[in-house]
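Participant: target_17.cif is reproduced below (mmCIF, C-alpha atoms).
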data_run
loop_
_atom_site.label_atom_id
_atom_site.label_comp_id
_atom_site.auth_asym_id
_atom_site.auth_seq_id
_atom_site.Cartn_x
_atom_site.Cartn_y
_atom_site.Cartn_z
CA MET K 26 4.07 158.62 178.54
CA GLU K 27 7.60 160.04 178.58
CA LYS K 28 8.98 156.64 179.58
CA ILE K 29 7.01 154.91 176.81
CA LYS K 30 8.46 157.30 174.22
CA SER K 31 11.96 156.70 175.54
CA ASN K 32 11.50 152.91 175.41
CA PHE K 33 10.12 153.15 171.87
CA ILE K 34 13.16 155.15 170.71
CA GLN K 35 15.48 152.76 172.51
CA ASN K 36 13.90 149.61 171.03
CA ARG K 37 13.28 150.95 167.50
CA GLY K 38 16.44 153.02 167.24
CA ILE K 39 18.37 150.35 165.34
CA TRP K 40 15.78 150.26 162.55
CA LEU K 41 15.90 154.03 162.18
CA VAL K 42 19.70 153.98 162.09
CA VAL K 43 19.74 151.14 159.54
CA ALA K 44 17.06 152.70 157.31
CA ILE K 45 19.31 155.43 155.87
CA PRO K 46 22.15 153.13 154.73
CA PHE K 47 19.68 150.55 153.43
CA LEU K 48 17.79 153.07 151.32
CA THR K 49 21.09 154.63 150.25
CA SER K 50 22.41 151.33 148.91
CA ILE K 51 19.19 150.75 146.95
CA ALA K 52 19.30 154.25 145.50
CA TYR K 53 22.89 154.03 144.27
CA ALA K 54 22.33 150.50 142.98
CA LEU K 55 19.60 151.95 140.78
CA LEU K 56 21.39 155.17 139.80
CA LEU K 57 25.02 154.33 139.11
CA PRO K 58 26.09 152.51 135.92
CA VAL K 59 27.93 149.21 135.84
CA SER K 60 31.61 149.21 136.79
CA ILE K 61 34.38 147.30 135.03
CA ASP K 62 34.60 144.60 137.71
CA GLU K 63 30.84 144.16 137.79
CA ALA K 64 30.71 143.88 134.00
CA ALA K 65 33.56 141.36 134.06
CA THR K 66 31.77 139.35 136.76
CA PHE K 67 28.62 139.29 134.63
CA LEU K 68 30.39 138.31 131.40
CA LEU K 69 32.82 135.75 132.84
CA PHE K 70 30.69 134.13 135.54
CA THR K 71 27.10 135.30 136.02
CA ASN K 72 26.10 134.99 132.38
CA THR K 73 27.90 131.68 131.88
CA SER K 74 27.39 129.02 134.55
CA ILE K 75 28.10 128.14 138.15
CA ILE K 76 30.79 125.79 136.85
CA GLU K 77 32.74 128.78 135.53
CA SER K 78 32.32 130.60 138.83
CA VAL K 79 33.81 127.77 140.91
CA SER K 80 36.55 126.62 138.53
CA THR K 81 38.03 129.68 136.79
CA TYR K 82 40.20 132.41 138.28
CA PRO K 83 41.41 134.70 135.48
CA ALA K 84 42.19 137.45 138.00
CA PRO K 85 41.47 138.28 141.66
CA ASN K 86 38.23 139.93 140.53
CA ASN K 87 36.53 136.52 140.75
CA HIS K 88 35.15 136.81 144.26
CA ILE K 89 34.01 133.22 144.02
CA LEU K 90 31.18 133.04 146.56
CA HIS K 91 29.77 136.32 145.27
CA SER K 92 29.99 135.07 141.67
CA VAL K 93 28.14 131.90 142.69
CA ILE K 94 25.41 133.97 144.36
CA THR K 95 24.94 136.00 141.16
CA ASN K 96 24.43 132.74 139.27
CA PHE K 97 21.18 132.52 141.25
CA THR K 98 20.13 136.17 141.65
CA LYS K 99 20.15 136.57 137.85
CA TYR K 100 16.86 134.64 137.87
CA LEU K 101 15.06 137.06 140.20
CA PRO K 102 12.01 138.42 138.37
CA PHE K 103 11.07 142.06 137.69
CA LEU K 104 14.62 143.37 138.26
CA SER K 105 17.09 144.82 135.79
CA ASP K 106 20.20 142.78 134.99
CA LEU K 107 22.37 145.24 136.92
CA PHE K 108 20.12 145.24 139.98
CA GLN K 109 20.10 141.43 139.90
CA LEU K 110 23.89 141.63 140.11
CA ARG K 111 23.82 144.09 142.98
CA ILE K 112 20.92 142.92 145.13
CA SER K 113 22.96 140.38 147.11
CA SER K 114 25.37 143.11 148.26
CA ILE K 115 22.44 145.19 149.50
CA VAL K 116 21.02 142.27 151.50
CA VAL K 117 24.44 141.22 152.83
CA ASN K 118 25.22 144.77 153.97
CA LEU K 119 21.91 144.95 155.84
CA ALA K 120 22.68 141.63 157.55
CA THR K 121 26.16 142.90 158.46
CA LEU K 122 24.76 145.98 160.19
CA LEU K 123 22.29 143.89 162.20
CA VAL K 124 25.00 141.42 163.30
CA LEU K 125 27.25 144.36 164.14
CA TYR K 126 24.51 145.83 166.34
CA LYS K 127 24.06 142.48 168.10
CA PHE K 128 27.82 142.20 168.68
CA ILE K 129 28.28 145.70 170.12
CA GLU K 130 25.08 145.54 172.19
CA LYS K 131 26.15 142.22 173.71
CA HIS K 132 29.78 143.02 174.46
CA PHE K 133 29.57 146.77 175.07
CA ASP K 134 26.15 148.45 175.36
CA LYS K 135 23.07 149.48 173.39
CA LYS K 136 23.91 153.19 172.96
CA MET K 137 27.35 152.37 171.68
CA ALA K 138 25.81 149.79 169.34
CA LEU K 139 23.62 152.48 167.79
CA ALA K 140 26.59 154.80 167.40
CA VAL K 141 28.86 152.17 165.83
CA VAL K 142 26.20 151.08 163.32
CA ALA K 143 25.25 154.68 162.50
CA PHE K 144 28.79 155.83 161.74
CA THR K 145 30.20 152.68 160.15
CA SER K 146 27.25 152.23 157.80
CA MET K 147 27.80 155.64 156.19
CA LEU K 148 31.56 155.65 155.73
CA PHE K 149 32.57 155.93 152.08
CA MET K 150 33.73 152.38 151.41
CA THR K 151 30.90 150.82 153.41
CA ILE K 152 28.33 152.61 151.27
CA TYR K 153 30.26 151.86 148.08
CA TYR K 154 30.35 148.12 148.64
CA SER K 155 26.82 148.04 150.04
CA TYR K 156 25.53 148.17 146.45
CA MET K 157 28.53 147.36 144.23
CA SER K 158 28.42 143.79 142.92
CA ARG K 159 31.67 142.66 144.51
CA GLY K 160 32.60 140.35 147.37
CA TYR K 161 33.63 142.99 149.90
CA ALA K 162 30.20 143.13 151.53
CA LEU K 163 30.55 139.40 152.18
CA VAL K 164 34.03 139.92 153.65
CA ASN K 165 32.57 142.52 156.02
CA LEU K 166 29.78 140.17 157.07
CA PHE K 167 32.06 137.21 157.77
CA PHE K 168 34.53 139.44 159.60
CA ILE K 169 31.81 140.74 161.95
CA ILE K 170 30.41 137.24 162.52
CA ASN K 171 33.91 136.01 163.39
CA LEU K 172 34.52 139.00 165.62
CA LEU K 173 31.32 138.20 167.54
CA CYS K 174 32.38 134.56 167.89
CA VAL K 175 35.89 135.51 169.05
CA PHE K 176 34.55 137.88 171.73
CA ASN K 177 32.10 135.16 172.82
CA LEU K 178 34.95 132.66 173.15
CA ILE K 179 37.21 135.09 174.98
CA LYS K 180 34.48 135.95 177.46
CA GLY K 181 33.81 132.34 178.44
CA GLU K 182 31.29 131.03 175.89
CA ASN K 183 33.60 128.20 174.83
CA THR K 184 30.84 126.30 173.05
CA ILE K 185 30.59 124.08 170.00
CA LYS K 186 28.18 126.61 168.52
CA ASN K 187 30.70 129.47 168.63
CA TRP K 188 33.52 127.32 167.22
CA SER K 189 31.23 125.97 164.49
CA VAL K 190 30.04 129.41 163.43
CA PHE K 191 33.64 130.65 163.45
CA CYS K 192 34.66 127.77 161.17
CA ILE K 193 31.75 128.21 158.75
CA SER K 194 32.17 131.98 158.55
CA SER K 195 35.93 131.67 158.01
CA VAL K 196 35.48 129.12 155.21
CA LEU K 197 32.94 131.35 153.47
CA GLY K 198 35.23 134.35 153.90
CA PHE K 199 38.13 132.50 152.26
CA TYR K 200 35.82 131.25 149.53
CA THR K 201 34.86 134.83 148.80
CA MET K 202 38.48 135.90 148.31
CA PRO K 203 41.93 134.67 149.43
CA SER K 204 42.74 138.04 151.02
CA PHE K 205 40.37 137.07 153.84
CA LEU K 206 43.62 135.65 155.21
CA TYR K 207 44.38 139.11 156.66
CA PRO K 208 41.35 139.41 158.97
CA PHE K 209 41.50 135.67 159.68
CA LEU K 210 45.10 135.77 160.95
CA THR K 211 44.44 138.95 162.92
CA LEU K 212 41.41 137.47 164.66
CA ASN K 213 43.27 134.22 165.35
CA PHE K 214 46.15 136.02 167.01
CA PHE K 215 43.73 138.14 169.06
CA LEU K 216 41.94 134.96 170.19
CA PHE K 217 45.26 133.22 170.90
CA LEU K 218 46.21 135.92 173.42
CA PHE K 219 43.34 134.82 175.66
CA GLN K 220 43.58 131.05 175.21
CA ASN K 221 44.70 128.86 178.07
CA LYS K 222 43.45 125.30 178.12
CA SER K 223 41.45 125.65 174.90
CA ILE K 224 44.34 126.24 172.54
CA TRP K 225 43.82 122.76 171.07
CA LYS K 226 40.29 123.75 170.05
CA GLN K 227 41.70 126.69 168.10
CA VAL K 228 44.23 124.42 166.40
CA VAL K 229 41.53 121.89 165.47
CA ALA K 230 39.18 124.62 164.21
CA ASN K 231 41.88 126.12 162.00
CA ALA K 232 42.83 122.70 160.66
CA ILE K 233 39.20 122.05 159.71
CA ILE K 234 38.95 125.46 158.06
CA LEU K 235 42.15 124.88 156.08
CA LEU K 236 41.01 121.45 154.91
CA ILE K 237 37.60 122.65 153.71
CA VAL K 238 39.08 125.71 151.98
CA VAL K 239 41.62 123.53 150.15
CA ILE K 240 38.81 121.24 148.97
CA LEU K 241 36.72 124.20 147.77
CA TYR K 242 39.64 125.59 145.76
CA VAL K 243 40.51 122.25 144.13
CA PRO K 244 38.43 122.98 140.96
CA ILE K 245 40.34 126.25 140.43
CA VAL K 246 43.74 124.69 141.09
CA TYR K 247 42.88 121.82 138.74
CA HIS K 248 41.61 124.11 135.99
CA GLU K 249 43.93 127.13 136.34
CA GLY K 250 46.91 125.86 138.32
CA LEU K 251 48.08 126.93 141.77
CA ASP K 252 49.92 129.96 140.35
CA ALA K 253 46.58 131.59 139.52
CA LEU K 254 46.01 131.97 143.27
CA ILE K 255 49.45 132.56 144.75
CA ASN K 256 51.50 134.06 141.91
CA ASN K 257 49.12 136.33 140.05
CA PRO K 258 50.67 139.74 139.24
CA PHE K 259 48.26 141.61 141.50
CA VAL K 260 49.73 140.04 144.66
CA LYS K 261 53.36 139.77 143.56
CA PRO K 262 55.79 140.55 146.44
CA ILE K 263 57.76 143.76 145.96
CA GLY K 264 60.48 143.19 148.55
CA PHE K 265 60.63 143.91 152.28
CA LEU K 266 62.39 147.30 152.15
CA THR K 267 60.14 148.60 149.35
CA THR K 268 57.09 147.47 151.32
CA ILE K 269 58.23 149.17 154.53
CA LYS K 270 58.98 152.42 152.68
CA SER K 271 55.56 152.34 151.00
CA LEU K 272 53.56 151.45 154.14
CA PRO K 273 53.10 154.91 155.74
CA LYS K 274 51.64 156.46 152.60
CA PHE K 275 49.55 153.35 151.91
CA LEU K 276 48.08 153.24 155.42
CA LEU K 277 47.15 156.93 155.41
CA LEU K 278 45.56 156.72 151.95
CA THR K 279 43.72 153.56 153.03
CA ILE K 280 42.27 155.39 156.03
CA GLN K 281 41.14 158.18 153.71
CA GLU K 282 39.63 155.87 151.09
CA ILE K 283 37.80 153.74 153.64
CA THR K 284 36.28 156.69 155.47
CA GLY K 285 35.93 159.26 152.68
CA ILE K 286 37.38 161.80 155.10
CA SER K 287 40.82 163.43 155.05
CA TRP K 288 43.44 161.08 156.47
CA PHE K 289 44.81 163.98 158.49
CA LEU K 290 41.56 164.30 160.47
CA ILE K 291 41.03 160.56 160.96
CA PHE K 292 44.66 159.90 161.89
CA GLY K 293 44.54 162.72 164.44
CA LEU K 294 41.33 161.28 165.88
CA LEU K 295 42.88 157.82 166.10
CA LEU K 296 45.84 159.21 168.04
CA ILE K 297 43.37 160.64 170.57
CA VAL K 298 41.61 157.26 170.64
CA VAL K 299 44.83 155.41 171.44
CA TYR K 300 45.48 157.80 174.31
CA LYS K 301 41.92 157.60 175.71
CA ILE K 302 41.56 153.82 175.47
CA ARG K 303 44.40 153.45 177.96
CA GLY K 304 42.05 154.92 180.55
CA VAL K 305 38.59 153.64 179.53
CA GLY K 306 39.28 150.26 177.95
CA ASP K 307 39.43 146.90 179.74
CA LYS K 308 42.13 144.31 179.00
CA ILE K 309 40.23 142.83 176.07
CA THR K 310 39.59 146.21 174.43
CA LYS K 311 43.20 147.31 174.90
CA ARG K 312 44.53 144.15 173.30
CA PHE K 313 41.97 144.45 170.52
CA ALA K 314 43.27 147.95 169.78
CA ILE K 315 46.93 146.92 169.86
CA VAL K 316 46.43 143.84 167.67
CA PHE K 317 44.33 145.56 165.00
CA ILE K 318 46.50 148.66 164.85
CA ALA K 319 49.65 146.57 164.42
CA ALA K 320 48.17 143.90 162.13
CA PRO K 321 48.34 145.69 158.72
CA ILE K 322 51.96 146.71 159.32
CA VAL K 323 53.02 143.21 160.39
CA LEU K 324 51.03 141.29 157.77
CA LEU K 325 52.06 143.46 154.83
CA GLY K 326 55.66 143.49 156.07
CA ILE K 327 55.69 139.69 156.09
CA HIS K 328 53.79 139.35 152.80
CA CYS K 329 55.86 142.13 151.15
CA VAL K 330 52.81 143.35 149.24
CA ILE K 331 51.05 146.71 148.94
CA PRO K 332 47.47 145.76 147.98
CA TYR K 333 44.51 147.90 147.02
CA PRO K 334 43.12 149.81 150.02
CA ARG K 335 39.78 148.01 149.62
CA VAL K 336 41.44 144.79 150.85
CA PHE K 337 41.19 146.35 154.33
CA CYS K 338 37.57 147.48 153.92
CA TYR K 339 36.67 145.68 157.17
CA TYR K 340 38.73 148.26 159.04
CA SER K 341 35.80 150.66 158.73
CA PHE K 342 34.26 148.65 161.59
CA VAL K 343 37.49 148.44 163.56
CA MET K 344 38.14 152.20 163.45
CA VAL K 345 34.60 153.15 164.46
CA ILE K 346 34.51 150.59 167.28
CA LEU K 347 37.76 151.96 168.71
CA ILE K 348 36.54 155.56 168.40
CA CYS K 349 33.23 154.77 170.10
CA VAL K 350 34.98 152.85 172.90
CA ALA K 351 37.25 155.83 173.51
CA PHE K 352 34.25 158.16 173.76
CA SER K 353 31.93 155.64 175.42
CA ASN K 354 31.48 157.78 178.56
CA GLN K 355 30.29 160.74 176.49
CA ILE K 356 27.97 158.51 174.41
CA ASN K 357 26.39 156.92 177.47
CA LYS K 358 25.65 160.30 179.05
CA LEU K 359 23.38 161.24 176.14
CA ASN K 360 19.66 160.63 176.42
CA TYR K 361 18.20 158.52 173.59
CA LYS K 362 16.07 161.50 172.51
CA ILE K 363 19.30 163.44 171.93
CA LEU K 364 21.55 160.59 170.80
CA LEU K 365 19.32 159.21 168.06
CA PRO K 366 18.60 162.53 166.28
CA PHE K 367 22.33 163.33 166.50
CA LEU K 368 23.24 159.99 164.90
CA LEU K 369 20.67 160.43 162.14
CA LEU K 370 22.00 163.93 161.48
CA MET K 371 25.56 162.60 161.24
CA GLN K 372 24.41 159.88 158.87
CA GLY K 373 22.89 162.56 156.67
CA ALA K 374 26.15 164.51 156.70
CA LEU K 375 28.16 161.41 155.77
CA LEU K 376 25.69 160.68 152.96
CA LEU K 377 26.25 164.18 151.57
CA ASN K 378 29.99 163.56 151.81
CA PHE K 379 29.59 160.34 149.81
CA GLU K 380 27.44 162.05 147.20
CA ARG K 381 30.01 164.83 146.86
CA LYS K 382 32.89 162.38 146.31
CA ILE K 383 31.45 159.38 144.49
CA TYR K 384 31.38 160.83 140.98
CA ASP K 385 35.02 161.93 141.11
CA TYR K 386 35.91 158.56 142.61
CA GLU K 387 34.16 156.78 139.77
CA ASN K 388 36.02 158.88 137.21
CA LYS K 389 39.44 158.27 138.71
CA ASP K 390 40.63 156.00 135.91
CA ALA K 391 39.70 154.60 132.52
CA ALA K 392 38.04 151.48 133.91
CA ILE K 393 35.35 152.94 136.09
CA ASN K 394 31.67 153.73 135.69
CA MET K 395 31.15 157.30 134.57
CA THR K 396 33.72 157.57 131.78
CA CYS K 397 32.60 154.28 130.27
CA ASP K 398 28.90 155.04 130.65
CA THR K 399 29.22 158.39 128.87
CA ILE K 400 30.97 156.77 125.90
CA ILE K 401 28.63 153.77 125.70
CA LYS K 402 25.54 155.96 125.47
CA LYS K 403 27.03 157.57 122.35
CA ILE K 404 28.11 154.42 120.50
CA ILE K 405 25.86 151.53 121.59
CA GLY K 406 24.04 149.58 118.88
CA ASN K 407 24.37 146.71 116.42
CA LYS K 408 27.74 148.01 115.24
CA LYS K 409 31.29 146.81 114.68
CA TYR K 410 33.78 147.86 117.37
CA LEU K 411 37.57 147.70 117.44
CA PHE K 412 39.43 148.00 120.77
CA ASP K 413 43.11 148.20 121.70
CA GLU K 414 42.68 146.04 124.85
CA SER K 415 40.62 148.80 126.44
CA LEU K 416 38.80 147.90 129.66
CA LEU K 417 35.79 149.71 128.22
CA TYR K 418 35.23 146.47 126.30
CA TYR K 419 33.62 144.81 129.33
CA ASN K 420 31.24 147.67 130.06
CA LEU K 421 30.16 147.96 126.42
CA LYS K 422 29.57 144.23 126.05
CA PHE K 423 27.54 144.18 129.27
CA GLU K 424 25.30 146.94 127.95
CA LEU K 425 24.95 145.29 124.52
CA ILE K 426 23.91 141.96 126.04
CA THR K 427 21.57 143.33 128.70
CA LYS K 428 19.88 145.73 126.28
CA GLY K 429 19.19 142.94 123.81
CA TYR K 430 21.55 143.78 120.94
CA LYS K 431 22.58 140.68 119.01
CA GLU K 432 24.00 141.82 115.66
CA TYR K 433 27.20 143.42 116.91
CA GLU K 434 30.87 142.57 116.52
CA ILE K 435 33.69 143.37 118.94
CA LYS K 436 37.36 142.81 118.19
CA GLU K 437 40.35 143.44 120.42
CA VAL K 438 43.93 143.88 119.23
CA THR K 439 47.17 144.14 121.20
CA VAL K 440 48.97 146.56 118.87
CA ASN K 441 48.83 150.36 119.03
CA LEU K 442 45.98 151.47 116.79
CA ASP K 443 45.99 154.03 114.00
CA ALA K 444 42.43 155.04 113.11
CA ASP K 445 43.71 156.48 109.81
CA THR K 446 44.25 152.94 108.51
CA VAL K 447 41.06 151.27 109.83
CA SER K 448 37.97 151.29 107.64
CA ASN K 449 35.91 148.16 108.27
CA PHE K 450 34.69 149.08 111.79
CA ASP K 451 31.99 151.54 112.83
CA TYR K 452 33.87 152.63 115.95
CA ILE K 453 37.54 152.48 116.92
CA ILE K 454 38.19 152.95 120.64
CA ILE K 455 41.83 153.75 121.51
CA LYS K 456 43.54 154.56 124.78
CA LYS K 457 44.95 158.06 124.47
CA GLU K 458 48.48 157.05 125.44
CA ARG K 459 48.50 154.38 122.71
CA ASN K 460 46.87 156.40 119.96
CA LYS K 461 48.97 156.59 116.77
CA THR K 462 46.32 158.39 114.68
CA LYS K 463 47.65 161.51 112.95
CA PHE K 464 45.01 162.81 110.57
CA LYS K 465 41.55 161.49 111.43
CA LYS K 466 39.56 163.63 113.86
CA PRO K 467 37.99 161.76 116.81
CA PHE K 468 34.23 161.48 117.08
CA TYR K 469 34.47 161.82 120.87
CA VAL K 470 37.32 162.37 123.33
CA THR K 471 37.55 161.81 127.08
CA LYS K 472 40.38 162.04 129.57
CA TYR K 473 41.25 158.43 128.79
CA TYR K 474 39.95 157.52 125.33
CA SER K 475 39.74 158.72 121.76
CA ILE K 476 36.77 157.32 119.84
CA TYR K 477 36.71 157.38 116.05
CA LYS K 478 33.65 156.83 113.89
CA ASN K 479 33.63 155.59 110.29
#
For the file at hand, write its structure as structure tokens.

Facilitator:
Amino acid sequence: MEKIKSNFIQNRGIWLVVAIPFLTSIAYALLLPVSIDEAATFLLFTNTSIIESVSTYPAPNNHILHSVITNFTKYLPFLSDLFQLRISSIVVNLATLLVLYKFIEKHFDKKMALAVVAFTSMLFMTIYYSYMSRGYALVNLFFIINLLCVFNLIKGENTIKNWSVFCISSVLGFYTMPSFLYPFLTLNFFLFLFQNKSIWKQVVANAIILLIVVILYVPIVYHEGLDALINNPFVKPIGFLTTIKSLPKFLLLTIQEITGISWFLIFGLLLIVVYKIRGVGDKITKRFAIVFIAAPIVLLGIHCVIPYPRVFCYYSFVMVILICVAFSNQINKLNYKILLPFLLLMQGALLLNFERKIYDYENKDAAINMTCDTIIKKIIGNKKYLFDESLLYYNLKFELITKGYKEYEIKEVTVNLDADTVSNFDYIIIKKERNKTKFKKPFYVTKYYSIYKN
């Protein structure tokens, strides 16, 4: 009987470990209001047509493959418009965790697989993009699929299947967002270190990937021009010296944002990991650690760009894998009846950490959920609105459309607004730093906006 219980825990452990993040993503998808990027995705792509999704690129917030998916999920019955937007991220995140488990179980062991899935799934950015209607869940999935293929190839499974899956996954990753170039180059270099006679296969695979990606982006280049992809202001180079000076702070803040834990603690843990892996890791693991630790520094130094930390969201998997490899001896000594409850307890603790931080995170600037949602609840209706290029425009219009309002009017202006001189609008929404109003008292004030009512 004791052996049967142990086997049951061992075989069903993955479903127990996956249950908490899966239910968490559903819960936050239902509870949290729409964000600026989600609202923009809905207005610019989801609520228009698949043609718009594949041919327009007004900003890097068009995660093309994700936008295309939302063109289909918007027809799912019995779901709210926001949940229709978010459901693909929930499903993709679940698939990512299952592929991750398969990868770690195959190339390391089953206990470590449980640990990696348990910890990675509940890190701050993993939870955040497990429900948020963005393309980062897709990036995570294609990264893990490619990582599995690369380890397969390195360990002797030099098959057409592995090369084909690597090609397909890479193409889909690039079609989600161009910044997939970072994990793609890193994985390619890691694979190159172990290639002998098969280097030509890697060259051919990359040529095929490049060709297909170029073809997929032709509609955008034709419609928007090449500059929309390579010269948009969000990825403008800032110079080598400026990049190098900014890197230490960026890397530490990225660690903190990805994990939701103080960078000081995680960085200290990673130093221990680097030391321990020298003794417990094989050649493949050691090179994996070296390549992925060095990659952000090298790639950003060459690109001369400091991106948003979320561009490296896939490093949540890398960090946890390295930590679990370093402590693999300790993990393997634990009985499943001790290991599994411990992992579930840690998942609960990380969930509490996310809950404690998410609302402040969502209020960090004028574009995000909570600030906008609070305002919208006070002013929504068939009214006339005047904006001074406020990002709140997207959130308000999303709510007006999805709640069925049709007799409204929204106007944006580029000049600094003075509510004292505006009379033909029901609400005037002005960024606080651009507000020129002297006499009229605001109807509602937040950290970022002043709202006036006529």

Participant: Applying 7 Å and only C-alpha atoms, which residues near segment 413-424 of chain K remain after dropping the ones on its own chain fewer than 6 positions away? List them as a list in words.

Facilitator: Val59, Ser60, Ile61, Ala64, Ala65, Leu68, Ala392, Cys397, Ile401, Glu437, Val438, Thr439, Val440, Asn441, Leu442, Ile454, Ile455 and Lys456 of chain K

Participant: Neighbouring residues of Leu254 of chain K were defined as those with any atom within 8 Å, considering only C-alpha atoms; residues of the same chain fewer than 4 positions away were excluded. Please report them as a list of chain:residue names.

Facilitator: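 With the cut-off at 8 Å, the set is K:Tyr82, K:Pro85, K:Pro203, K:Val246, K:Gly250.
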
Participant: Once the PyMOL selection byres ((chain K and resi 36-44) around 9) has been evaluated on this model, what residues remain selected, and can you format them as a list in words?

Facilitator: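 Answer for the PyMOL selection byres ((chain K and resi 36-44) around 9): Ser31, Asn32, Phe33, Ile34, Gln35, Ile45, Pro46, Phe47, Leu48, Thr49, Leu119, Leu122, Leu123, Tyr126, Ala138, Leu139, Ala140, Val142, Ala143, Ser146, Tyr361, Leu365, Leu368, Leu369 and Gln372 of chain K.
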
Participant: What is the distance, in Å and to one decimal place, between atom CA of Lys403 of chain K and atom CA of Lys431 of chain K?

Facilitator: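 Going from atom CA of Lys403 of chain K over to atom CA of Lys431 of chain K covers 17.8 Å.
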
Participant: Write out as a ChimeraX atom specification the residues lying within 6 Å of Phe149 of chain K, counting all atoms listed in the file and excluding same-chain residues fewer than 3 positions away.

Facilitator: /K:152,283-285,379

Participant: On this file, the PyMOL selection byres ((chain K and resi 298) around 10) gives some set of residues; write that set as a list in words.

Facilitator: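 That expression, the PyMOL selection byres ((chain K and resi 298) around 10), corresponds here to Phe292, Gly293, Leu294, Leu295, Leu296, Ile297, Val299, Tyr300, Lys301, Ile302, Arg303, Ala314, Met344, Leu347, Ile348, Cys349, Val350, Ala351 and Phe352 of chain K.
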
Participant: Mind pulling up the distance from atom CA of Ile115 of chain K to atom CA of Ile356 of chain K?

Facilitator: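 That distance, rounded to one decimal, is 28.8 Å.
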
Participant: Rounded to one decimal in Å, what is the spacing between atom CA of Ile315 of chain K and atom CA of Phe275 of chain K?

Facilitator: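 Value for the atom CA of Ile315 of chain K-atom CA of Phe275 of chain K distance: 19.2 Å.
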
Participant: Since I can't run it myself right now, could you work out what the PyMOL selection byres ((chain K and resi 410) around 9) selects here and report it as an MDAnalysis selection string?

Facilitator: chainID K and resid 408:409 411:412 433:437 450:454

Participant: Hey, could you make a per-residue contact list for segment 259-312 of chain K against segment 179-197 of chain K with 12 Å as the cut-off, showing the nearest pair of atoms and its distance in Å to one decimal, counting only C-alpha atoms, sorted by chain and number, as a tab-separated table?

Facilitator:
residue	atom	partner	partner_atom	distance
K:Lys308	CA	K:Ile179	CA	11.2
K:Ile309	CA	K:Ile179	CA	8.4
K:Thr310	CA	K:Ile179	CA	11.4
K:Arg312	CA	K:Ile179	CA	11.8

Participant: Need the shell around segment 211-221 of chain K: protein/DNA/RNA residues with any atom at most 7 Å away, counting only C-alpha atoms. Skip same-chain ones fewer than 4 positions apart. Format as number ranges by chain?

Facilitator: K: 175, 179, 207, 313, 316-317, 320

Participant: Nearest to Ile269 of chain K among K:Gly326, K:Ser105, K:Asn231, K:Ser287, with distances taken over all atoms listed in the file: which residue is it?

Facilitator: K:Gly326

Participant: Might you pull out every residue within 12 Å of Thr73 of chain K, with only C-alpha atoms counted and same-chain residues fewer than 3 positions away left off, and present them as a ChimeraX atom specification?

Facilitator: /K:65-70,76-79,81,92-93,95-97,99

Participant: Specify the axis-aligned box that encloses all atoms of segment 341-354 of chain K listed in the file after padding of 4 Å on each side, stating its centre and edge lengths in Å to one decimal as lines of an AutoDock Vina configuration file.

Facilitator:
center_x = 34.8
center_y = 153.3
center_z = 168.6
size_x = 14.7
size_y = 17.7
size_z = 27.8

Participant: Would you please work out which residue, of K:Thr151, K:Thr201, K:Asn378, K:Ser158, is nearest to Ile89 of chain K when using all atoms listed in the file?

Facilitator: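 Selected residue with least distance to Ile89 of chain K: K:Thr201.
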
Participant: Under the rule that only C-alpha atoms are counted, which of K:Lys457, K:Lys222, K:Arg159, K:Lys463 is the nearest residue to Asp443 of chain K?

Facilitator: K:Lys463
